[in-house]
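Asker: Next up, model14.cif (mmCIF, C-alpha atoms).
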data_protein
#
loop_
_atom_site.group_PDB
_atom_site.id
_atom_site.type_symbol
_atom_site.label_atom_id
_atom_site.label_comp_id
_atom_site.auth_asym_id
_atom_site.auth_seq_id
_atom_site.Cartn_x
_atom_site.Cartn_y
_atom_site.Cartn_z
ATOM 1 C CA MET F 336 40.783 29.450 23.312
ATOM 2 C CA MET F 337 43.034 30.164 20.361
ATOM 3 C CA ASP F 338 41.356 32.364 17.734
ATOM 4 C CA THR F 339 40.996 30.829 14.295
ATOM 5 C CA VAL F 340 41.592 32.802 11.114
ATOM 6 C CA ILE F 341 40.530 31.372 7.756
ATOM 7 C CA VAL F 342 42.624 32.541 4.814
ATOM 8 C CA THR F 343 41.666 31.896 1.194
ATOM 9 C CA GLY F 344 44.352 31.947 -1.463
ATOM 10 C CA ALA F 345 46.751 30.750 1.220
ATOM 11 C CA SER F 346 49.067 28.932 -1.182
ATOM 12 C CA ARG F 347 50.752 32.009 -2.640
ATOM 13 C CA GLY F 348 51.092 35.774 -2.708
ATOM 14 C CA ILE F 349 49.414 37.957 -0.092
ATOM 15 C CA GLY F 350 47.333 35.066 1.249
ATOM 16 C CA LEU F 351 50.408 32.927 1.858
ATOM 17 C CA TYR F 352 52.263 35.753 3.585
ATOM 18 C CA CYS F 353 49.288 36.599 5.813
ATOM 19 C CA ALA F 354 48.804 32.931 6.729
ATOM 20 C CA GLN F 355 52.482 32.628 7.698
ATOM 21 C CA GLN F 356 52.412 35.811 9.784
ATOM 22 C CA LEU F 357 49.166 34.848 11.505
ATOM 23 C CA HIS F 358 50.581 31.455 12.356
ATOM 24 C CA ALA F 359 53.723 33.109 13.754
ATOM 25 C CA GLU F 360 51.548 35.406 15.874
ATOM 26 C CA GLY F 361 49.820 32.438 17.483
ATOM 27 C CA TYR F 362 46.535 32.215 15.625
ATOM 28 C CA ARG F 363 45.155 28.903 14.494
ATOM 29 C CA VAL F 364 45.267 29.343 10.715
ATOM 30 C CA VAL F 365 43.096 27.385 8.302
ATOM 31 C CA GLY F 366 44.420 28.014 4.825
ATOM 32 C CA LEU F 367 42.295 27.321 1.765
ATOM 33 C CA ALA F 368 43.497 26.911 -1.796
ATOM 34 C CA ARG F 369 42.947 24.565 -4.712
ATOM 35 C CA ARG F 370 46.364 23.050 -4.058
ATOM 36 C CA PHE F 371 49.396 23.642 -1.873
ATOM 37 C CA ASP F 372 53.080 23.170 -2.587
ATOM 38 C CA GLY F 373 55.258 21.913 0.206
ATOM 39 C CA ASN F 374 54.102 21.413 3.742
ATOM 40 C CA PRO F 375 52.954 24.660 5.411
ATOM 41 C CA ALA F 376 53.259 24.958 9.184
ATOM 42 C CA TYR F 377 49.560 25.776 9.458
ATOM 43 C CA GLU F 378 46.485 23.715 8.629
ATOM 44 C CA VAL F 379 45.558 23.640 4.943
ATOM 45 C CA ARG F 380 42.453 22.442 3.184
ATOM 46 C CA SER F 381 41.768 22.033 -0.483
ATOM 47 C CA ALA F 382 38.838 24.040 -1.826
ATOM 48 C CA ASP F 383 37.908 26.053 -4.890
ATOM 49 C CA VAL F 384 36.396 29.414 -3.887
ATOM 50 C CA CYS F 385 34.352 29.410 -7.113
ATOM 51 C CA ASP F 386 32.515 26.319 -5.934
ATOM 52 C CA HIS F 387 30.064 26.850 -3.066
ATOM 53 C CA SER F 388 29.746 23.120 -2.356
ATOM 54 C CA SER F 389 33.518 22.686 -2.238
ATOM 55 C CA LEU F 390 33.811 25.533 0.284
ATOM 56 C CA THR F 391 30.913 24.280 2.379
ATOM 57 C CA ALA F 392 32.489 20.834 2.585
ATOM 58 C CA ALA F 393 35.913 22.239 3.456
ATOM 59 C CA LEU F 394 34.546 24.453 6.239
ATOM 60 C CA ARG F 395 31.666 22.322 7.545
ATOM 61 C CA ASP F 396 33.345 21.578 10.902
ATOM 62 C CA LEU F 397 33.970 25.296 11.495
ATOM 63 C CA GLU F 398 30.440 26.497 10.742
ATOM 64 C CA ARG F 399 29.481 26.562 14.426
ATOM 65 C CA ASN F 400 32.933 26.955 15.880
ATOM 66 C CA ARG F 401 33.060 30.036 18.067
ATOM 67 C CA SER F 402 36.850 30.156 17.881
ATOM 68 C CA VAL F 403 36.526 31.477 14.314
ATOM 69 C CA TYR F 404 37.489 35.155 14.592
ATOM 70 C CA ALA F 405 38.346 36.256 11.086
ATOM 71 C CA LEU F 406 38.194 35.526 7.390
ATOM 72 C CA ILE F 407 40.774 36.876 4.987
ATOM 73 C CA ASN F 408 39.559 36.612 1.421
ATOM 74 C CA ALA F 409 42.886 36.743 -0.377
ATOM 75 C CA ALA F 410 42.129 34.362 -3.250
ATOM 76 C CA GLY F 411 42.270 36.267 -6.495
ATOM 77 C CA ILE F 412 43.367 36.166 -10.098
ATOM 78 C CA ALA F 413 44.094 38.789 -12.730
ATOM 79 C CA SER F 414 44.317 38.841 -16.490
ATOM 80 C CA MET F 415 45.938 41.807 -18.182
ATOM 81 C CA ASN F 416 43.884 41.963 -21.340
ATOM 82 C CA LEU F 417 41.459 44.149 -23.249
ATOM 83 C CA LEU F 418 37.858 43.074 -22.894
ATOM 84 C CA LEU F 419 37.640 42.735 -26.679
ATOM 85 C CA THR F 420 40.390 40.123 -26.643
ATOM 86 C CA THR F 421 39.483 38.258 -23.453
ATOM 87 C CA PRO F 422 37.965 34.777 -23.882
ATOM 88 C CA SER F 423 34.560 34.378 -22.264
ATOM 89 C CA GLN F 424 35.830 31.562 -20.055
ATOM 90 C CA THR F 425 38.483 33.901 -18.630
ATOM 91 C CA ILE F 426 35.832 36.555 -17.925
ATOM 92 C CA LYS F 427 33.780 33.966 -16.087
ATOM 93 C CA ARG F 428 36.747 32.700 -14.103
ATOM 94 C CA LEU F 429 37.787 36.229 -13.047
ATOM 95 C CA VAL F 430 34.332 37.111 -11.752
ATOM 96 C CA GLU F 431 33.829 33.730 -10.110
ATOM 97 C CA THR F 432 37.168 33.751 -8.296
ATOM 98 C CA ASN F 433 37.402 37.400 -7.280
ATOM 99 C CA LEU F 434 33.786 38.306 -6.626
ATOM 100 C CA LEU F 435 31.748 35.141 -6.124
ATOM 101 C CA GLY F 436 34.582 33.507 -4.199
ATOM 102 C CA THR F 437 34.604 36.426 -1.763
ATOM 103 C CA ILE F 438 30.824 36.361 -1.405
ATOM 104 C CA TYR F 439 30.556 32.578 -1.024
ATOM 105 C CA THR F 440 33.287 32.347 1.602
ATOM 106 C CA SER F 441 31.905 35.333 3.513
ATOM 107 C CA GLN F 442 28.452 33.761 3.610
ATOM 108 C CA ILE F 443 29.713 30.396 4.867
ATOM 109 C CA VAL F 444 32.136 31.754 7.478
ATOM 110 C CA SER F 445 29.573 34.270 8.762
ATOM 111 C CA HIS F 446 27.604 31.384 10.253
ATOM 112 C CA ALA F 447 30.453 30.993 12.745
ATOM 113 C CA LEU F 448 31.033 34.733 13.201
ATOM 114 C CA VAL F 449 27.411 35.543 14.106
ATOM 115 C CA ARG F 450 27.489 32.742 16.659
ATOM 116 C CA ARG F 451 30.640 34.197 18.178
ATOM 117 C CA GLY F 452 29.183 37.720 18.209
ATOM 118 C CA ASN F 453 32.260 39.502 16.885
ATOM 119 C CA GLY F 454 34.921 39.117 14.268
ATOM 120 C CA ARG F 455 36.554 40.410 11.125
ATOM 121 C CA ILE F 456 36.209 39.902 7.397
ATOM 122 C CA ILE F 457 38.968 41.360 5.253
ATOM 123 C CA ASN F 458 38.540 41.392 1.497
ATOM 124 C CA PHE F 459 40.896 42.431 -1.265
ATOM 125 C CA SER F 460 40.470 44.887 -4.090
ATOM 126 C CA SER F 461 43.047 46.865 -6.021
ATOM 127 C CA ILE F 462 44.114 50.366 -6.959
ATOM 128 C CA ALA F 463 42.979 49.325 -10.443
ATOM 129 C CA VAL F 464 39.392 50.124 -9.379
ATOM 130 C CA ALA F 465 40.165 53.647 -8.186
ATOM 131 C CA ILE F 466 42.120 54.574 -11.310
ATOM 132 C CA GLY F 467 40.007 52.646 -13.848
ATOM 133 C CA LEU F 468 43.032 50.780 -15.090
ATOM 134 C CA GLN F 469 43.050 50.313 -18.844
ATOM 135 C CA GLY F 470 43.505 46.708 -19.902
ATOM 136 C CA GLU F 471 41.972 45.339 -16.697
ATOM 137 C CA SER F 472 38.290 46.069 -17.207
ATOM 138 C CA VAL F 473 37.026 42.624 -16.180
ATOM 139 C CA TYR F 474 39.385 42.464 -13.207
ATOM 140 C CA VAL F 475 38.282 45.985 -12.228
ATOM 141 C CA ALA F 476 34.619 44.966 -12.531
ATOM 142 C CA SER F 477 35.163 41.989 -10.246
ATOM 143 C CA LYS F 478 37.056 44.048 -7.645
ATOM 144 C CA ALA F 479 34.585 46.955 -7.815
ATOM 145 C CA GLY F 480 32.001 44.317 -7.027
ATOM 146 C CA VAL F 481 34.031 43.279 -3.976
ATOM 147 C CA GLU F 482 34.134 46.909 -2.787
ATOM 148 C CA GLY F 483 30.361 47.348 -3.201
ATOM 149 C CA PHE F 484 29.682 44.005 -1.550
ATOM 150 C CA THR F 485 31.912 44.966 1.375
ATOM 151 C CA ARG F 486 30.171 48.299 1.995
ATOM 152 C CA ALA F 487 26.723 46.701 2.042
ATOM 153 C CA PHE F 488 27.706 43.517 3.873
ATOM 154 C CA ALA F 489 29.455 45.598 6.548
ATOM 155 C CA ARG F 490 26.038 47.027 7.434
ATOM 156 C CA GLU F 491 24.473 43.559 7.525
ATOM 157 C CA MET F 492 27.175 42.273 9.876
ATOM 158 C CA ALA F 493 27.502 45.321 12.140
ATOM 159 C CA PRO F 494 24.666 44.190 14.470
ATOM 160 C CA HIS F 495 26.665 40.993 15.024
ATOM 161 C CA GLY F 496 29.863 42.820 15.972
ATOM 162 C CA VAL F 497 31.630 41.794 12.782
ATOM 163 C CA THR F 498 33.581 44.351 10.759
ATOM 164 C CA VAL F 499 33.992 43.979 6.988
ATOM 165 C CA ASN F 500 36.648 45.925 5.119
ATOM 166 C CA VAL F 501 38.612 45.928 1.885
ATOM 167 C CA ILE F 502 42.314 46.407 1.367
ATOM 168 C CA ALA F 503 43.072 47.804 -2.079
ATOM 169 C CA PRO F 504 46.808 47.887 -2.713
ATOM 170 C CA GLY F 505 48.722 49.188 -5.683
ATOM 171 C CA PRO F 506 51.048 46.723 -7.401
ATOM 172 C CA VAL F 507 52.609 44.327 -4.875
ATOM 173 C CA ASP F 508 55.457 41.994 -5.827
ATOM 174 C CA THR F 509 53.645 38.678 -6.081
ATOM 175 C CA TYR F 510 52.963 36.063 -8.751
ATOM 176 C CA MET F 511 50.004 38.150 -9.902
ATOM 177 C CA ILE F 512 52.096 40.851 -11.535
ATOM 178 C CA ALA F 513 55.090 38.677 -12.430
ATOM 179 C CA ASN F 514 54.350 38.952 -16.148
ATOM 180 C CA VAL F 515 53.371 42.614 -16.235
ATOM 181 C CA PRO F 516 56.016 44.781 -17.960
ATOM 182 C CA SER F 517 57.944 46.936 -15.474
ATOM 183 C CA GLU F 518 57.177 50.199 -17.319
ATOM 184 C CA LYS F 519 53.464 49.439 -17.026
ATOM 185 C CA LEU F 520 53.820 48.828 -13.281
ATOM 186 C CA GLN F 521 55.816 52.029 -12.857
ATOM 187 C CA ALA F 522 53.082 53.998 -14.629
ATOM 188 C CA ILE F 523 50.568 52.697 -12.076
ATOM 189 C CA VAL F 524 52.903 53.399 -9.158
ATOM 190 C CA ASN F 525 53.347 56.961 -10.418
ATOM 191 C CA ARG F 526 49.589 57.520 -10.047
ATOM 192 C CA GLN F 527 49.645 56.521 -6.369
ATOM 193 C CA VAL F 528 49.835 59.059 -3.533
ATOM 194 C CA ILE F 529 52.922 57.242 -2.240
ATOM 195 C CA ALA F 530 54.792 56.525 -5.444
ATOM 196 C CA ARG F 531 56.549 53.302 -4.528
ATOM 197 C CA LYS F 532 55.614 49.697 -4.943
ATOM 198 C CA ALA F 533 54.128 48.201 -1.776
ATOM 199 C CA SER F 534 55.495 45.028 -0.243
ATOM 200 C CA VAL F 535 53.443 42.162 1.116
ATOM 201 C CA GLU F 536 54.663 43.325 4.539
ATOM 202 C CA ASP F 537 52.990 46.720 3.934
ATOM 203 C CA VAL F 538 49.736 44.910 3.193
ATOM 204 C CA TRP F 539 50.141 42.581 6.172
ATOM 205 C CA GLN F 540 50.474 45.556 8.512
ATOM 206 C CA ILE F 541 47.006 46.771 7.454
ATOM 207 C CA VAL F 542 45.598 43.258 7.941
ATOM 208 C CA ARG F 543 47.202 43.143 11.377
ATOM 209 C CA MET F 544 45.773 46.538 12.300
ATOM 210 C CA LEU F 545 42.271 45.529 11.204
ATOM 211 C CA LEU F 546 42.469 42.324 13.253
ATOM 212 C CA SER F 547 43.608 44.233 16.335
ATOM 213 C CA PRO F 548 41.411 46.338 18.652
ATOM 214 C CA ALA F 549 42.438 49.341 16.513
ATOM 215 C CA GLY F 550 39.989 47.953 13.948
ATOM 216 C CA ASN F 551 36.991 47.828 16.272
ATOM 217 C CA MET F 552 35.323 50.904 14.780
ATOM 218 C CA LEU F 553 36.439 50.474 11.175
ATOM 219 C CA SER F 554 33.942 48.835 8.865
ATOM 220 C CA GLY F 555 32.738 49.197 5.286
ATOM 221 C CA GLN F 556 36.018 50.914 4.391
ATOM 222 C CA VAL F 557 38.357 50.627 1.436
ATOM 223 C CA PHE F 558 41.997 50.964 2.500
ATOM 224 C CA HIS F 559 44.156 52.073 -0.406
ATOM 225 C CA VAL F 560 47.643 50.910 0.520
ATOM 226 C CA CYS F 561 49.856 53.478 -1.277
ATOM 227 C CA GLY F 562 46.944 55.891 -1.605
ATOM 228 C CA ALA F 563 44.775 56.393 -4.647
ATOM 229 C CA MET Q 335 7.042 31.657 20.180
ATOM 230 C CA GLN Q 336 9.086 31.287 23.345
ATOM 231 C CA GLU Q 337 12.318 31.649 21.354
ATOM 232 C CA VAL Q 338 11.055 34.812 19.618
ATOM 233 C CA SER Q 339 10.028 36.193 22.997
ATOM 234 C CA GLU Q 340 13.455 35.522 24.503
ATOM 235 C CA ILE Q 341 15.319 37.033 21.578
ATOM 236 C CA SER Q 342 13.100 40.076 21.119
ATOM 237 C CA GLY Q 343 12.287 40.736 24.768
ATOM 238 C CA THR Q 344 8.602 40.842 23.839
ATOM 239 C CA PRO Q 345 6.353 39.025 26.339
ATOM 240 C CA VAL Q 346 4.780 35.861 24.932
ATOM 241 C CA ARG Q 347 1.325 37.305 25.607
ATOM 242 C CA ASP Q 348 2.077 40.064 23.081
ATOM 243 C CA LEU Q 349 3.023 37.553 20.371
ATOM 244 C CA SER Q 350 0.791 35.405 18.211
ATOM 245 C CA GLU Q 351 1.160 32.993 15.315
ATOM 246 C CA ALA Q 352 0.464 35.960 13.039
ATOM 247 C CA THR Q 353 3.340 38.033 14.472
ATOM 248 C CA PRO Q 354 5.598 39.057 11.557
ATOM 249 C CA LEU Q 355 9.271 38.100 11.690
ATOM 250 C CA ILE Q 356 10.233 40.348 8.759
ATOM 251 C CA GLY Q 357 9.003 43.675 7.382
ATOM 252 C CA ALA Q 358 6.512 46.049 8.996
ATOM 253 C CA GLY Q 359 5.553 45.262 12.567
ATOM 254 C CA THR Q 360 8.230 42.598 12.956
ATOM 255 C CA ALA Q 361 9.013 41.371 16.437
ATOM 256 C CA LEU Q 362 12.690 40.998 15.524
ATOM 257 C CA ASN Q 363 15.400 43.269 14.191
ATOM 258 C CA SER Q 364 17.898 41.827 11.704
ATOM 259 C CA ARG Q 365 20.184 40.625 14.485
ATOM 260 C CA GLY Q 366 17.259 38.980 16.243
ATOM 261 C CA LEU Q 367 16.177 37.222 13.055
ATOM 262 C CA VAL Q 368 19.667 35.785 12.577
ATOM 263 C CA GLU Q 369 19.744 34.667 16.221
ATOM 264 C CA LEU Q 370 16.421 32.886 15.671
ATOM 265 C CA LEU Q 371 17.750 31.189 12.537
ATOM 266 C CA VAL Q 372 20.886 30.051 14.385
ATOM 267 C CA ALA Q 373 18.699 28.587 17.149
ATOM 268 C CA LEU Q 374 16.418 26.879 14.629
ATOM 269 C CA GLU Q 375 19.356 25.459 12.704
ATOM 270 C CA GLU Q 376 20.775 23.917 15.863
ATOM 271 C CA PHE Q 377 17.349 22.644 16.968
ATOM 272 C CA SER Q 378 16.662 21.106 13.535
ATOM 273 C CA GLU Q 379 19.970 19.311 13.363
ATOM 274 C CA GLU Q 380 20.199 18.217 16.997
ATOM 275 C CA LYS Q 381 16.558 17.293 17.662
ATOM 276 C CA LEU Q 382 15.076 16.589 14.242
ATOM 277 C CA HIS Q 383 18.252 15.412 12.491
ATOM 278 C CA VAL Q 384 17.448 17.455 9.398
ATOM 279 C CA HIS Q 385 19.415 20.294 7.824
ATOM 280 C CA PHE Q 386 17.730 23.692 8.012
ATOM 281 C CA ASP Q 387 18.857 25.769 5.045
ATOM 282 C CA TRP Q 388 18.419 29.500 5.766
ATOM 283 C CA THR Q 389 18.742 30.543 2.186
ATOM 284 C CA SER Q 390 15.782 31.220 -0.070
ATOM 285 C CA ASP Q 391 15.159 33.620 -2.950
ATOM 286 C CA SER Q 392 11.965 34.656 -1.216
ATOM 287 C CA ALA Q 393 13.482 35.036 2.275
ATOM 288 C CA MET Q 394 12.618 38.744 2.492
ATOM 289 C CA SER Q 395 9.327 38.604 0.563
ATOM 290 C CA ALA Q 396 6.415 39.809 2.695
ATOM 291 C CA SER Q 397 4.044 37.544 0.762
ATOM 292 C CA ARG Q 398 6.091 34.378 0.155
ATOM 293 C CA SER Q 399 8.819 34.167 2.801
ATOM 294 C CA VAL Q 400 8.785 31.304 5.245
ATOM 295 C CA TYR Q 401 9.977 33.919 7.751
ATOM 296 C CA ARG Q 402 6.942 36.167 7.248
ATOM 297 C CA THR Q 403 5.231 35.088 10.478
ATOM 298 C CA ILE Q 404 5.809 32.785 13.427
ATOM 299 C CA ALA Q 405 3.164 30.422 11.975
ATOM 300 C CA SER Q 406 4.720 30.255 8.495
ATOM 301 C CA LEU Q 407 8.133 29.459 9.978
ATOM 302 C CA ALA Q 408 6.652 26.820 12.267
ATOM 303 C CA ASP Q 409 4.868 25.267 9.259
ATOM 304 C CA TYR Q 410 8.129 25.212 7.347
ATOM 305 C CA ILE Q 411 9.983 23.481 10.165
ATOM 306 C CA ALA Q 412 7.137 20.974 10.488
ATOM 307 C CA GLY Q 413 7.376 20.375 6.726
ATOM 308 C CA ILE Q 414 11.061 19.453 6.801
ATOM 309 C CA SER Q 415 10.700 17.314 9.924
ATOM 310 C CA PRO Q 416 10.699 13.556 9.419
ATOM 311 C CA SER Q 417 7.153 12.261 9.818
#
Translate the structure of the given file into structure tokens.
Answerer:
Amino acid sequence: MMDTVIVTGASRGIGLYCAQQLHAEGYRVVGLARRFDGNPAYEVRSADVCDHSSLTAALRDLERNRSVYALINAAGIASMNLLLTTPSQTIKRLVETNLLGTIYTSQIVSHALVRRGNGRIINFSSIAVAIGLQGESVYVASKAGVEGFTRAFAREMAPHGVTVNVIAPGPVDTYMIANVPSEKLQAIVNRQVIARKASVEDVWQIVRMLLSPAGNMLSGQVFHVCGA
Amino acid sequence: MQEVSEISGTPVRDLSEATPLIGAGTALNSRGLVELLVALEEFSEEKLHVHFDWTSDSAMSASRSVYRTIASLADYIAGISPS
């Protein structure tokens, strides 16, 4: 039976790249996003991770499907702004997408994973949490929430053979940082242990490792791609 | 009671309707509780044709949870069953 991997945020950035690589490696990929451009080679479904009912409807047929092996929670948004100048609706959207979206999808997909008796959940945070990045306080709050959720949820899922981890990269060349000034990005990169900008391929290699047997005994961990 | 016995490995004779499913003296560990909920969800939908929603704000409350004893869970399932 072909293993199924569910990827949120599969229409762009890290989620898109992971979905493409997983498909190329022979997994059945179910990509979730609010909308998709083009015609991806893997299965796509429209869902908003902020909306529990939308996710439940999109994943209903997979809830008891024992082929579901992994969930990659790659949906995320950022907003480079001071808290004092961030509209309340943006604050809400950041927390709903980054934190609640991760929690909602994890809860729904875990119904399949506990039935299977093993599996993987991979969440995404950012170096911004580790360094307390100025101008990203709401984003940092949402991602710090993801890290805390992951550590605790890893313990809840361990008896079911499911590992839960977080990948926290430094700046990666995707749509998310397209409008961030280069000198600002370089200042962040300079604070990393490995002072170069990571590629989506660098991130994918950690995802791949966590999905492989090498990840069997890794859970509740935050993996700082680039070091922090 | 049979399902709890099979999941927990506790003989049926050592279980009763008052056997706790959560908290002190529970017959089930957290994995066992989830296994029971999975079994109940499938039973409810396949045999009773009703949706069994696991979630509840009082799920882990020793005084209010429907999971507090075998009897309280059985009552809950009976309550959502079509008459």
Asker: Could you state which residues are captured by the PyMOL selection byres ((chain Q and resi 393) around 12) in this file, as a ChimeraX atom specification?
Answerer: /Q:355-357,367,371,387-392,394-403,406-407
Asker: Those residues you just picked out, can you put them in a file as a PDB file, in the frame of the given file with C-alpha atoms?
Answerer:
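What landed in result_39.pdb:
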ATOM      1  CA  LEU Q 355       9.271  38.100  11.690  1.00  0.00           C
ATOM      2  CA  ILE Q 356      10.233  40.348   8.759  1.00  0.00           C
ATOM      3  CA  GLY Q 357       9.003  43.675   7.382  1.00  0.00           C
ATOM      4  CA  LEU Q 367      16.177  37.222  13.055  1.00  0.00           C
ATOM      5  CA  LEU Q 371      17.750  31.189  12.537  1.00  0.00           C
ATOM      6  CA  ASP Q 387      18.857  25.769   5.045  1.00  0.00           C
ATOM      7  CA  TRP Q 388      18.419  29.500   5.766  1.00  0.00           C
ATOM      8  CA  THR Q 389      18.742  30.543   2.186  1.00  0.00           C
ATOM      9  CA  SER Q 390      15.782  31.220  -0.070  1.00  0.00           C
ATOM     10  CA  ASP Q 391      15.159  33.620  -2.950  1.00  0.00           C
ATOM     11  CA  SER Q 392      11.965  34.656  -1.216  1.00  0.00           C
ATOM     12  CA  MET Q 394      12.618  38.744   2.492  1.00  0.00           C
ATOM     13  CA  SER Q 395       9.327  38.604   0.563  1.00  0.00           C
ATOM     14  CA  ALA Q 396       6.415  39.809   2.695  1.00  0.00           C
ATOM     15  CA  SER Q 397       4.044  37.544   0.762  1.00  0.00           C
ATOM     16  CA  ARG Q 398       6.091  34.378   0.155  1.00  0.00           C
ATOM     17  CA  SER Q 399       8.819  34.167   2.801  1.00  0.00           C
ATOM     18  CA  VAL Q 400       8.785  31.304   5.245  1.00  0.00           C
ATOM     19  CA  TYR Q 401       9.977  33.919   7.751  1.00  0.00           C
ATOM     20  CA  ARG Q 402       6.942  36.167   7.248  1.00  0.00           C
ATOM     21  CA  THR Q 403       5.231  35.088  10.478  1.00  0.00           C
ATOM     22  CA  SER Q 406       4.720  30.255   8.495  1.00  0.00           C
ATOM     23  CA  LEU Q 407       8.133  29.459   9.978  1.00  0.00           C
TER      24      LEU Q 407
END
Asker: Show me, as a VMD selection string, every residue of chain F with an atom at most 10 Å from chain Q, counting all atoms listed in the file.
Answerer: chain F and resid 399 446 to 447 449 to 450 491 to 495
Asker: Check which residues satisfy the PyMOL selection byres ((chain F and resi 535) around 9) in the file shown, then give them as a PyMOL selection string.
Answerer: chain F and resi 348-349+352-353+507-509+533-534+536-540
Asker: Do you know which residues the PyMOL selection byres ((chain Q and resi 378) around 12) returns on this file, as a PDB file with C-alpha atoms, keeping the file's coordinate frame?
Answerer:
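Once everything was written out, this is expr36.pdb:
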ATOM      1  CA  LEU Q 370      16.421  32.886  15.671  1.00  0.00           C
ATOM      2  CA  LEU Q 371      17.750  31.189  12.537  1.00  0.00           C
ATOM      3  CA  VAL Q 372      20.886  30.051  14.385  1.00  0.00           C
ATOM      4  CA  ALA Q 373      18.699  28.587  17.149  1.00  0.00           C
ATOM      5  CA  LEU Q 374      16.418  26.879  14.629  1.00  0.00           C
ATOM      6  CA  GLU Q 375      19.356  25.459  12.704  1.00  0.00           C
ATOM      7  CA  GLU Q 376      20.775  23.917  15.863  1.00  0.00           C
ATOM      8  CA  PHE Q 377      17.349  22.644  16.968  1.00  0.00           C
ATOM      9  CA  GLU Q 379      19.970  19.311  13.363  1.00  0.00           C
ATOM     10  CA  GLU Q 380      20.199  18.217  16.997  1.00  0.00           C
ATOM     11  CA  LYS Q 381      16.558  17.293  17.662  1.00  0.00           C
ATOM     12  CA  LEU Q 382      15.076  16.589  14.242  1.00  0.00           C
ATOM     13  CA  HIS Q 383      18.252  15.412  12.491  1.00  0.00           C
ATOM     14  CA  VAL Q 384      17.448  17.455   9.398  1.00  0.00           C
ATOM     15  CA  HIS Q 385      19.415  20.294   7.824  1.00  0.00           C
ATOM     16  CA  PHE Q 386      17.730  23.692   8.012  1.00  0.00           C
ATOM     17  CA  ASP Q 387      18.857  25.769   5.045  1.00  0.00           C
ATOM     18  CA  TRP Q 388      18.419  29.500   5.766  1.00  0.00           C
ATOM     19  CA  ALA Q 408       6.652  26.820  12.267  1.00  0.00           C
ATOM     20  CA  TYR Q 410       8.129  25.212   7.347  1.00  0.00           C
ATOM     21  CA  ILE Q 411       9.983  23.481  10.165  1.00  0.00           C
ATOM     22  CA  ALA Q 412       7.137  20.974  10.488  1.00  0.00           C
ATOM     23  CA  GLY Q 413       7.376  20.375   6.726  1.00  0.00           C
ATOM     24  CA  ILE Q 414      11.061  19.453   6.801  1.00  0.00           C
ATOM     25  CA  SER Q 415      10.700  17.314   9.924  1.00  0.00           C
ATOM     26  CA  PRO Q 416      10.699  13.556   9.419  1.00  0.00           C
TER      27      PRO Q 416
END
Asker: So that I can check the surroundings of Phe484 (chain F), please list as number ranges by chain every protein, DNA and RNA residue that reaches within 10 Å of it, counting only C-alpha atoms and ignoring chain neighbours fewer than 6 positions away.
Answerer: F: 434, 437-438, 458, 478, 499-501, 555
Asker: Select, counting all atoms listed in the file, all protein, DNA and RNA residues no farther than 7 Å from (45.6, 28.5, 8.7) in file coordinates, and express the selection as a short mmCIF file (atom, residue, chain, number, x, y, z; two decimals) with C-alpha atoms, in the coordinates of the input.
Answerer:
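Produced file point_39.cif, reproduced below:
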data_model
loop_
_atom_site.label_atom_id
_atom_site.label_comp_id
_atom_site.auth_asym_id
_atom_site.auth_seq_id
_atom_site.Cartn_x
_atom_site.Cartn_y
_atom_site.Cartn_z
CA VAL F 340 41.59 32.80 11.11
CA ILE F 341 40.53 31.37 7.76
CA VAL F 342 42.62 32.54 4.81
CA ALA F 354 48.80 32.93 6.73
CA HIS F 358 50.58 31.46 12.36
CA ARG F 363 45.16 28.90 14.49
CA VAL F 364 45.27 29.34 10.72
CA VAL F 365 43.10 27.38 8.30
CA GLY F 366 44.42 28.01 4.82
CA TYR F 377 49.56 25.78 9.46
CA GLU F 378 46.48 23.72 8.63
CA VAL F 379 45.56 23.64 4.94
#
Asker: Grab the CA of Arg451 (chain F) to CA of Ser547 (chain F) distance for me, in Å with one decimal place.
Answerer: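 Those two atoms sit 16.5 Å apart.
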Asker: To one decimal place in Å, what is the distance between CA of Val444 (chain F) and CA of Arg401 (chain F)?
Answerer: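 Answer for the CA of Val444 (chain F) to CA of Arg401 (chain F) separation: 10.8 Å.
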Asker: Just the number, please: distance in Å from CA of Thr485 (chain F) to CA of Gly436 (chain F), one decimal.
Answerer: 13.0 Å
Asker: With only C-alpha atoms as the basis for distance, which of F:Met337, F:Leu397, F:Ala345, F:Ala382 is at the shortest distance from Gly361 (chain F)?
Answerer: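 Closest to Gly361 (chain F) of all the choices is F:Met337.
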Asker: With all atoms listed in the file as the counted atoms, please give the residues lying no more than 7 Å from region 412-419 of chain F, apart from itself and same-chain residues fewer than 3 positions off, as a ChimeraX atom specification.
Answerer: /F:429,432-433,470-474,511
Asker: Edge lengths and centre, in Å to one decimal, as JSON: that's what I need for the box along x, y and z that holds all listed atoms of region 352-367 of chain Q plus 8 Å on each side.
Answerer:
{"center_x": 10.3, "center_y": 41.0, "center_z": 11.9, "size_x": 35.7, "size_y": 26.1, "size_z": 25.1}
